[in-house]
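Student: For reference, the file data_13.txt (compact mmCIF, C-alpha atoms (C1' of nucleotides)) is included below:
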# COMPACT_ATOMS: atom_id res chain seq x y z
CA MET E 24 3.52 9.59 7.49
CA PHE E 25 5.11 7.91 4.48
CA LYS E 26 2.08 5.68 4.09
CA ALA E 27 -0.08 8.78 4.24
CA LEU E 28 1.82 10.27 1.31
CA ALA E 29 1.60 7.05 -0.68
CA ASP E 30 -1.97 7.64 -1.85
CA PRO E 31 -2.58 9.99 -4.80
CA THR E 32 -5.91 11.20 -3.44
CA ARG E 33 -4.31 12.15 -0.13
CA ARG E 34 -1.56 14.04 -1.94
CA THR E 35 -4.21 15.93 -3.89
CA ILE E 36 -5.92 16.79 -0.62
CA LEU E 37 -2.66 18.30 0.59
CA ASP E 38 -2.47 20.25 -2.68
CA GLU E 39 -5.99 21.50 -2.14
CA LEU E 40 -5.21 22.59 1.41
CA THR E 41 -2.11 24.32 0.12
CA ASP E 42 -4.34 26.26 -2.26
CA ARG E 43 -6.97 27.05 0.35
CA ASP E 44 -6.29 26.26 3.97
CA GLY E 45 -8.96 25.49 6.55
CA GLN E 46 -11.51 23.72 4.37
CA THR E 47 -14.34 21.57 5.68
CA LEU E 48 -14.99 18.00 4.60
CA PHE E 49 -17.78 18.94 2.18
CA GLU E 50 -15.76 21.80 0.76
CA LEU E 51 -12.91 19.43 0.05
CA CYS E 52 -15.20 16.86 -1.53
CA ALA E 53 -16.64 19.48 -3.87
CA ARG E 54 -13.29 20.93 -4.89
CA LEU E 55 -11.69 17.53 -5.37
CA LEU E 56 -14.48 16.65 -7.75
CA MET E 57 -14.53 19.97 -9.59
CA LYS E 58 -10.85 20.68 -9.95
CA HIS E 59 -9.32 17.22 -9.93
CA GLY E 60 -12.08 14.90 -11.08
CA ILE E 61 -11.88 12.81 -7.92
CA ASP E 62 -15.30 11.23 -7.57
CA SER E 63 -15.09 9.64 -4.15
CA THR E 64 -17.69 9.42 -1.44
CA ARG E 65 -17.62 11.68 1.55
CA GLN E 66 -16.63 8.76 3.77
CA ALA E 67 -13.64 7.97 1.62
CA ILE E 68 -12.36 11.53 1.88
CA SER E 69 -13.09 11.53 5.60
CA GLN E 70 -10.98 8.40 6.06
CA HIS E 71 -8.20 9.98 4.05
CA LEU E 72 -8.33 13.00 6.32
CA ASP E 73 -8.12 10.73 9.35
CA VAL E 74 -4.95 9.18 7.94
CA LEU E 75 -3.47 12.58 7.19
CA GLU E 76 -4.34 13.76 10.68
CA GLY E 77 -2.77 10.64 12.16
CA ALA E 78 0.38 11.41 10.19
CA GLY E 79 0.43 14.93 11.62
CA LEU E 80 0.09 16.45 8.17
CA VAL E 81 -3.35 17.89 8.85
CA ARG E 82 -4.53 19.68 11.97
CA VAL E 83 -8.17 20.05 12.85
CA LYS E 84 -10.28 22.73 14.49
CA ARG E 85 -13.89 22.17 15.43
CA ASP E 86 -16.45 24.97 15.49
CA GLY E 87 -20.08 24.07 15.94
CA ARG E 88 -21.01 21.53 13.33
CA TYR E 89 -18.08 22.49 11.16
CA LYS E 90 -14.66 20.92 11.20
CA PHE E 91 -11.86 22.82 9.53
CA HIS E 92 -8.76 21.17 8.20
CA TYR E 93 -5.39 22.88 8.22
CA LEU E 94 -2.20 21.82 6.50
CA ASP E 95 0.91 21.15 8.58
CA THR E 96 4.00 20.53 6.51
CA SER E 97 6.42 20.27 9.41
CA PRO E 98 6.51 16.44 9.42
CA LEU E 99 7.95 16.60 5.91
CA LYS E 100 11.17 17.93 7.34
CA GLU E 101 12.04 14.42 8.46
CA ILE E 102 12.54 13.42 4.84
CA ALA E 103 15.11 16.07 4.02
CA ASP E 104 16.83 15.45 7.34
CA ARG E 105 16.95 11.69 6.94
CA TRP E 106 18.33 11.57 3.41
CA PRO E 107 20.22 14.81 2.93
CA SER E 108 21.13 15.96 -0.56
CA ARG E 109 24.88 15.65 -1.01
CA ASP E 110 25.94 18.62 -3.10
CA MET W 6 8.22 7.64 -5.73
CA PHE W 7 5.83 8.11 -2.82
CA LYS W 8 4.85 4.47 -3.00
CA ALA W 9 8.53 3.58 -2.94
CA LEU W 10 8.94 5.48 0.31
CA ALA W 11 5.87 3.87 1.84
CA ASP W 12 7.62 0.62 2.73
CA PRO W 13 9.76 0.51 5.90
CA THR W 14 12.23 -1.97 4.42
CA ARG W 15 12.80 0.28 1.42
CA ARG W 16 13.38 3.26 3.70
CA THR W 17 15.94 1.22 5.62
CA ILE W 18 17.65 0.37 2.33
CA LEU W 19 17.94 4.09 1.66
CA ASP W 20 19.40 4.52 5.14
CA GLU W 21 21.90 1.78 4.45
CA LEU W 22 22.93 3.36 1.17
CA THR W 23 23.27 6.67 2.94
CA ASP W 24 25.67 4.99 5.33
CA ARG W 25 27.62 3.17 2.62
CA ASP W 26 26.95 4.02 -1.00
CA GLY W 27 27.44 1.62 -3.88
CA GLN W 28 26.55 -1.67 -2.23
CA THR W 29 25.72 -4.87 -4.05
CA LEU W 30 22.56 -6.90 -3.51
CA PHE W 31 24.26 -9.46 -1.27
CA GLU W 32 26.02 -6.77 0.70
CA LEU W 33 22.72 -5.06 1.37
CA CYS W 34 21.05 -8.31 2.38
CA ALA W 35 23.80 -9.03 4.89
CA ARG W 36 23.82 -5.56 6.41
CA LEU W 37 20.04 -5.34 6.59
CA LEU W 38 20.06 -8.55 8.57
CA MET W 39 22.98 -7.66 10.82
CA LYS W 40 22.25 -4.05 11.61
CA HIS W 41 18.49 -3.86 11.28
CA GLY W 42 17.26 -7.40 11.85
CA ILE W 43 15.53 -7.53 8.50
CA ASP W 44 15.36 -11.21 7.61
CA SER W 45 14.09 -11.13 4.05
CA THR W 46 15.07 -13.25 1.10
CA ARG W 47 17.42 -11.97 -1.55
CA GLN W 48 14.55 -11.80 -4.03
CA ALA W 49 12.51 -9.59 -1.73
CA ILE W 50 15.37 -7.13 -1.41
CA SER W 51 15.95 -7.29 -5.15
CA GLN W 52 12.34 -6.39 -5.81
CA HIS W 53 12.59 -3.53 -3.37
CA LEU W 54 15.63 -2.27 -5.23
CA ASP W 55 13.71 -2.47 -8.49
CA VAL W 56 11.00 -0.29 -7.01
CA LEU W 57 13.54 2.20 -5.69
CA GLU W 58 15.25 2.28 -9.06
CA GLY W 59 11.90 2.81 -10.78
CA ALA W 60 11.30 5.73 -8.44
CA GLY W 61 14.66 7.23 -9.38
CA LEU W 62 15.89 7.00 -5.80
CA VAL W 63 18.53 4.41 -6.62
CA ARG W 64 20.91 4.39 -9.58
CA VAL W 65 22.66 1.26 -10.75
CA LYS W 66 26.05 0.49 -12.22
CA ARG W 67 26.94 -2.93 -13.56
CA ASP W 68 30.47 -4.28 -13.51
CA GLY W 69 31.01 -7.89 -14.44
CA ARG W 70 28.80 -10.02 -12.28
CA TYR W 71 28.44 -7.25 -9.72
CA LYS W 72 25.70 -4.65 -9.61
CA PHE W 73 26.30 -1.61 -7.46
CA HIS W 74 23.50 0.49 -6.07
CA TYR W 75 23.85 4.20 -5.54
CA LEU W 76 21.54 6.55 -3.69
CA ASP W 77 19.98 9.46 -5.54
CA THR W 78 18.10 11.84 -3.29
CA SER W 79 17.22 14.36 -5.96
CA PRO W 80 13.63 13.09 -6.48
CA LEU W 81 12.94 14.01 -2.86
CA LYS W 82 13.14 17.66 -3.79
CA GLU W 83 9.67 17.37 -5.29
CA ILE W 84 8.24 17.01 -1.80
CA ALA W 85 9.68 20.22 -0.41
CA ASP W 86 8.77 22.03 -3.63
CA ARG W 87 5.21 20.76 -3.70
CA TRP W 88 4.28 21.54 -0.11
CA PRO W 89 6.55 24.38 0.96
CA SER W 90 6.96 25.19 4.63
CA ARG W 91 5.26 28.47 5.36
CA ASP W 92 7.41 30.25 7.89
C1' DT N 12 -39.64 20.77 16.89
C1' DT N 13 -38.58 19.05 12.78
C1' DG N 14 -36.16 18.93 8.75
C1' DA N 15 -31.76 19.88 6.53
C1' DC N 16 -26.96 19.94 6.89
C1' DA N 17 -22.10 18.51 8.58
C1' DG N 18 -19.92 14.74 10.14
C1' DG N 19 -18.99 9.89 12.54
C1' DC N 20 -19.04 4.67 13.17
C1' DA N 21 -18.48 0.12 11.61
C1' DA N 22 -18.74 -4.01 8.80
C1' DG N 23 -17.84 -5.91 4.26
C1' DT N 24 -15.38 -6.29 -0.29
C1' DG N 25 -11.98 -6.21 -3.96
C1' DG N 26 -7.45 -5.26 -5.69
C1' DG N 27 -2.79 -4.33 -5.17
C1' DC N 28 1.57 -5.23 -2.98
C1' DA N 29 5.15 -7.56 -0.23
C1' DC N 30 7.00 -11.87 0.05
C1' DT N 31 7.98 -16.62 -1.05
C1' DT N 32 9.23 -20.49 -4.02
C1' DG N 33 11.45 -22.66 -7.78
C1' DC N 34 14.24 -22.48 -11.48
C1' DC N 35 17.29 -20.11 -14.80
C1' DT N 36 21.38 -17.08 -16.67
C1' DA N 37 25.88 -14.99 -16.39
C1' DT N 38 30.51 -14.23 -14.63
C1' DC N 39 34.67 -15.70 -12.45
C1' DA N 40 38.26 -18.79 -10.15
C1' DT N 41 40.49 -23.20 -9.98
C1' DA R 30 35.20 -27.56 -17.86
C1' DT R 31 32.92 -27.22 -13.54
C1' DG R 32 31.64 -25.54 -9.35
C1' DA R 33 30.73 -21.34 -6.86
C1' DT R 34 29.11 -16.77 -6.75
C1' DA R 35 26.01 -12.71 -8.09
C1' DG R 36 21.86 -11.88 -9.87
C1' DG R 37 17.22 -12.43 -12.79
C1' DC R 38 12.43 -14.23 -14.10
C1' DA R 39 7.91 -15.54 -13.07
C1' DA R 40 3.98 -17.68 -10.86
C1' DG R 41 1.51 -18.16 -6.54
C1' DT R 42 -0.16 -16.63 -1.81
C1' DG R 43 -1.69 -13.91 2.00
C1' DC R 44 -2.64 -9.65 3.82
C1' DC R 45 -3.34 -4.83 4.06
C1' DC R 46 -5.71 -0.83 2.40
C1' DA R 47 -8.87 2.07 -0.23
C1' DC R 48 -13.54 2.30 -0.96
C1' DT R 49 -18.38 1.34 -0.42
C1' DT R 50 -22.68 0.73 2.12
C1' DG R 51 -25.86 1.53 5.75
C1' DC R 52 -27.05 3.70 9.65
C1' DC R 53 -26.32 6.90 13.53
C1' DT R 54 -25.09 11.51 16.15
C1' DG R 55 -24.85 16.38 16.64
C1' DT R 56 -25.82 21.25 15.18
C1' DC R 57 -28.43 24.94 13.25
C1' DA R 58 -32.42 27.42 10.88
C1' DA R 59 -37.38 27.89 10.03
Spell out the structure here as structure tokens.

Tutor:
Amino acid sequence: MFKALADPTRRTILDELTDRDGQTLFELCARLLMKHGIDSTRQAISQHLDVLEGAGLVRVKRDGRYKFHYLDTSPLKEIADRWPSRD
Amino acid sequence: MFKALADPTRRTILDELTDRDGQTLFELCARLLMKHGIDSTRQAISQHLDVLEGAGLVRVKRDGRYKFHYLDTSPLKEIADRWPSRD
DNA sequence: TTGACAGGCAAGTGGGCACTTGCCTATCAT
DNA sequence: ATGATAGGCAAGTGCCCACTTGCCTGTCAA
């Protein structure tokens, strides 16, 4: 999961899914280019999504030829639990 | 900061500082070897500490020939703020 | 059914990063 | 002063990872 968060493009993908959940691959590609100037190929984004899915940060739902991507922030809880803020 | 968290050894260093704050470089090297089986050179650990310090996760205090390392978890707040858990 | 659209698979490449190696500086005790 | 201790600097190496490239599969509309 930590490796998944290490890449700026992947973090921007999480931002984009925070803004609009349930996007398809092409939707994400378009919005990453428009809003964030990320000019990567579709395959690159797809591989990023695979990593994010492997980290449990993105959940997937298939419907016909579409594949929707949903954000799951629950793995992030490990961070706050592991290194608690000492007030 | 995210890149700093990406490395397992660096995360273990944070664990070690959580357990005992204010360790020196040699202290950390010894405890990483004893408790976690991390057999890295002093220089490797030193470079890791530089990265953690650059990320703001570790603060440093010099005293004579000793350099003490203190954990600072406040940068981690960015994560919870950036991708809030939707309950 | 055939073309367009959404996505997948896999090999290759280049750059960054973790780690080592070798040597140097600074502080302290004896 | 001199050896030991704590740490720093910098060049070199090997490997992982992000990205590309090329081609293939599956789904839907006309």

Student: At a cut-off of 6 Å around the point (-8.7, 26.2, 8.2) (file coordinates), what residues fall inside when counting all atoms listed in the file? I'd like the answer as a list in words.

Tutor: Asp44, Gly45, Gln46, Phe91, His92 and Tyr93 of chain E

Student: What is the distance, in Å and to one decimal place, between atom CA of Ile102 of chain E and atom CA of Ser79 of chain W?

Tutor: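 Computed distance, atom CA of Ile102 of chain E to atom CA of Ser79 of chain W, equals 11.8 Å.
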
Student: Tell me as a PyMOL selection string which residues belonging to chain E come within 8 Å of chain N, counting only C-alpha atoms (C1' of nucleotides).

Tutor: chain E and resi 49+88-89

Student: So what do you get for atom CA of Glu32 of chain W versus atom CA of Ala60 of chain W, distance-wise?

Tutor: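 Going from atom CA of Glu32 of chain W over to atom CA of Ala60 of chain W covers 21.4 Å.
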
Student: Counting all atoms listed in the file, which residues from chain R have an atom at most 10 Å from any atom of chain E, and could you show them as a list in words?

Tutor: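 Result: DA47, DC48, DT49, DG55, DT56 and DC57 of chain R.
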
Student: What are the residues of chain E that have an atom within 8 Å of an atom of chain W, counting only C-alpha atoms, as number ranges by chain?

Tutor: E: 25-26, 28-30, 37-38, 41, 96-97, 99, 102-103, 105-108

Student: Record the distance separating atom CA of Asp24 of chain W and atom CA of Glu58 of chain W, expressed in Å with one decimal.

Tutor: 18.0 Å

Student: Could you name the residues that touch Leu33 of chain W at 8 Å or less, counting only C-alpha atoms (C1' of nucleotides), but leaving out those on the same chain fewer than 4 positions away, as an mmCIF file with C-alpha atoms, keeping the file's coordinate frame?

Tutor:
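Result written to selection_0.cif:
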data_model
loop_
_atom_site.group_PDB
_atom_site.id
_atom_site.type_symbol
_atom_site.label_atom_id
_atom_site.label_comp_id
_atom_site.auth_asym_id
_atom_site.auth_seq_id
_atom_site.Cartn_x
_atom_site.Cartn_y
_atom_site.Cartn_z
ATOM 1 C CA ILE W 18 17.650 0.370 2.330
ATOM 2 C CA GLU W 21 21.900 1.780 4.450
ATOM 3 C CA GLN W 28 26.550 -1.670 -2.230
ATOM 4 C CA THR W 29 25.720 -4.870 -4.050
ATOM 5 C CA LEU W 37 20.040 -5.340 6.590
#

Student: Please work out which residues fall within 7 Å of (16.3, -2.8, 7.1), coordinates as given in the file, with all atoms listed in the file counting, and return them as an NGL selection string.

Tutor: :W and (14 or 17-18 or 37 or 41-43)

Student: Please return the centre and edge lengths, in Å to one decimal, of a box with edges along x, y and z that contains all listed atoms of segment 34-52 of chain E, widened by 6 Å on every side, as AutoDock Vina command-line options.

Tutor:
--center_x -9.7 --center_y 20.5 --center_z 1.3 --size_x 28.2 --size_y 25.0 --size_z 22.4

Student: Compare W:Arg47, W:Cys34, W:Leu57, W:Val65 by their minimum atom-to-atom distance to DG37 of chain R, counting all atoms listed in the file, and give me the closest one.

Tutor: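 Nearest candidate to DG37 of chain R out of W:Arg47, W:Cys34, W:Leu57, W:Val65: W:Arg47.
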
Student: Missing atoms in segment 7-29 of chain W: can you complete it with N, CA and C atoms, as a CSV table (one decimal), keeping the file's coordinate frame?

Tutor:
chain,number,residue,atom,x,y,z
W,7,PHE,N,6.4,8.1,-4.1
W,7,PHE,CA,5.8,8.1,-2.8
W,7,PHE,C,5.5,6.7,-2.4
W,8,LYS,N,5.1,5.9,-3.3
W,8,LYS,CA,4.8,4.5,-3.0
W,8,LYS,C,6.1,3.8,-2.6
W,9,ALA,N,7.2,4.2,-3.3
W,9,ALA,CA,8.5,3.6,-2.9
W,9,ALA,C,8.9,3.9,-1.5
W,10,LEU,N,8.6,5.1,-1.1
W,10,LEU,CA,8.9,5.5,0.3
W,10,LEU,C,8.0,4.9,1.4
W,11,ALA,N,6.9,4.3,0.9
W,11,ALA,CA,5.9,3.9,1.8
W,11,ALA,C,6.3,2.6,2.6
W,12,ASP,N,7.2,1.9,2.1
W,12,ASP,CA,7.6,0.6,2.7
W,12,ASP,C,8.8,0.8,3.7
W,13,PRO,N,8.7,0.3,4.9
W,13,PRO,CA,9.8,0.5,5.9
W,13,PRO,C,11.1,-0.1,5.5
W,14,THR,N,11.0,-1.3,4.9
W,14,THR,CA,12.2,-2.0,4.4
W,14,THR,C,12.9,-1.1,3.4
W,15,ARG,N,12.2,-0.6,2.4
W,15,ARG,CA,12.8,0.3,1.4
W,15,ARG,C,13.4,1.5,2.0
W,16,ARG,N,12.8,2.1,3.0
W,16,ARG,CA,13.4,3.3,3.7
W,16,ARG,C,14.7,2.9,4.4
W,17,THR,N,14.7,1.7,5.0
W,17,THR,CA,15.9,1.2,5.6
W,17,THR,C,17.0,1.0,4.6
W,18,ILE,N,16.7,0.5,3.4
W,18,ILE,CA,17.6,0.4,2.3
W,18,ILE,C,18.3,1.7,2.0
W,19,LEU,N,17.4,2.7,1.9
W,19,LEU,CA,17.9,4.1,1.7
W,19,LEU,C,18.9,4.5,2.8
W,20,ASP,N,18.5,4.2,4.0
W,20,ASP,CA,19.4,4.5,5.1
W,20,ASP,C,20.7,3.8,5.0
W,21,GLU,N,20.7,2.6,4.6
W,21,GLU,CA,21.9,1.8,4.4
W,21,GLU,C,22.8,2.3,3.3
W,22,LEU,N,22.2,2.8,2.3
W,22,LEU,CA,22.9,3.4,1.2
W,22,LEU,C,23.5,4.7,1.5
W,23,THR,N,22.7,5.4,2.4
W,23,THR,CA,23.3,6.7,2.9
W,23,THR,C,24.5,6.4,3.7
W,24,ASP,N,24.5,5.3,4.5
W,24,ASP,CA,25.7,5.0,5.3
W,24,ASP,C,26.9,4.5,4.5
W,25,ARG,N,26.6,3.6,3.5
W,25,ARG,CA,27.6,3.2,2.6
W,25,ARG,C,27.1,3.1,1.2
W,26,ASP,N,27.5,3.9,0.4
W,26,ASP,CA,27.0,4.0,-1.0
W,26,ASP,C,27.6,3.0,-1.9
W,27,GLY,N,26.9,2.5,-2.9
W,27,GLY,CA,27.4,1.6,-3.9
W,27,GLY,C,27.5,0.2,-3.5
W,28,GLN,N,26.5,-0.3,-2.7
W,28,GLN,CA,26.6,-1.7,-2.2
W,28,GLN,C,25.9,-2.6,-3.3
W,29,THR,N,26.3,-3.9,-3.2
W,29,THR,CA,25.7,-4.9,-4.0
W,29,THR,C,24.5,-5.4,-3.3
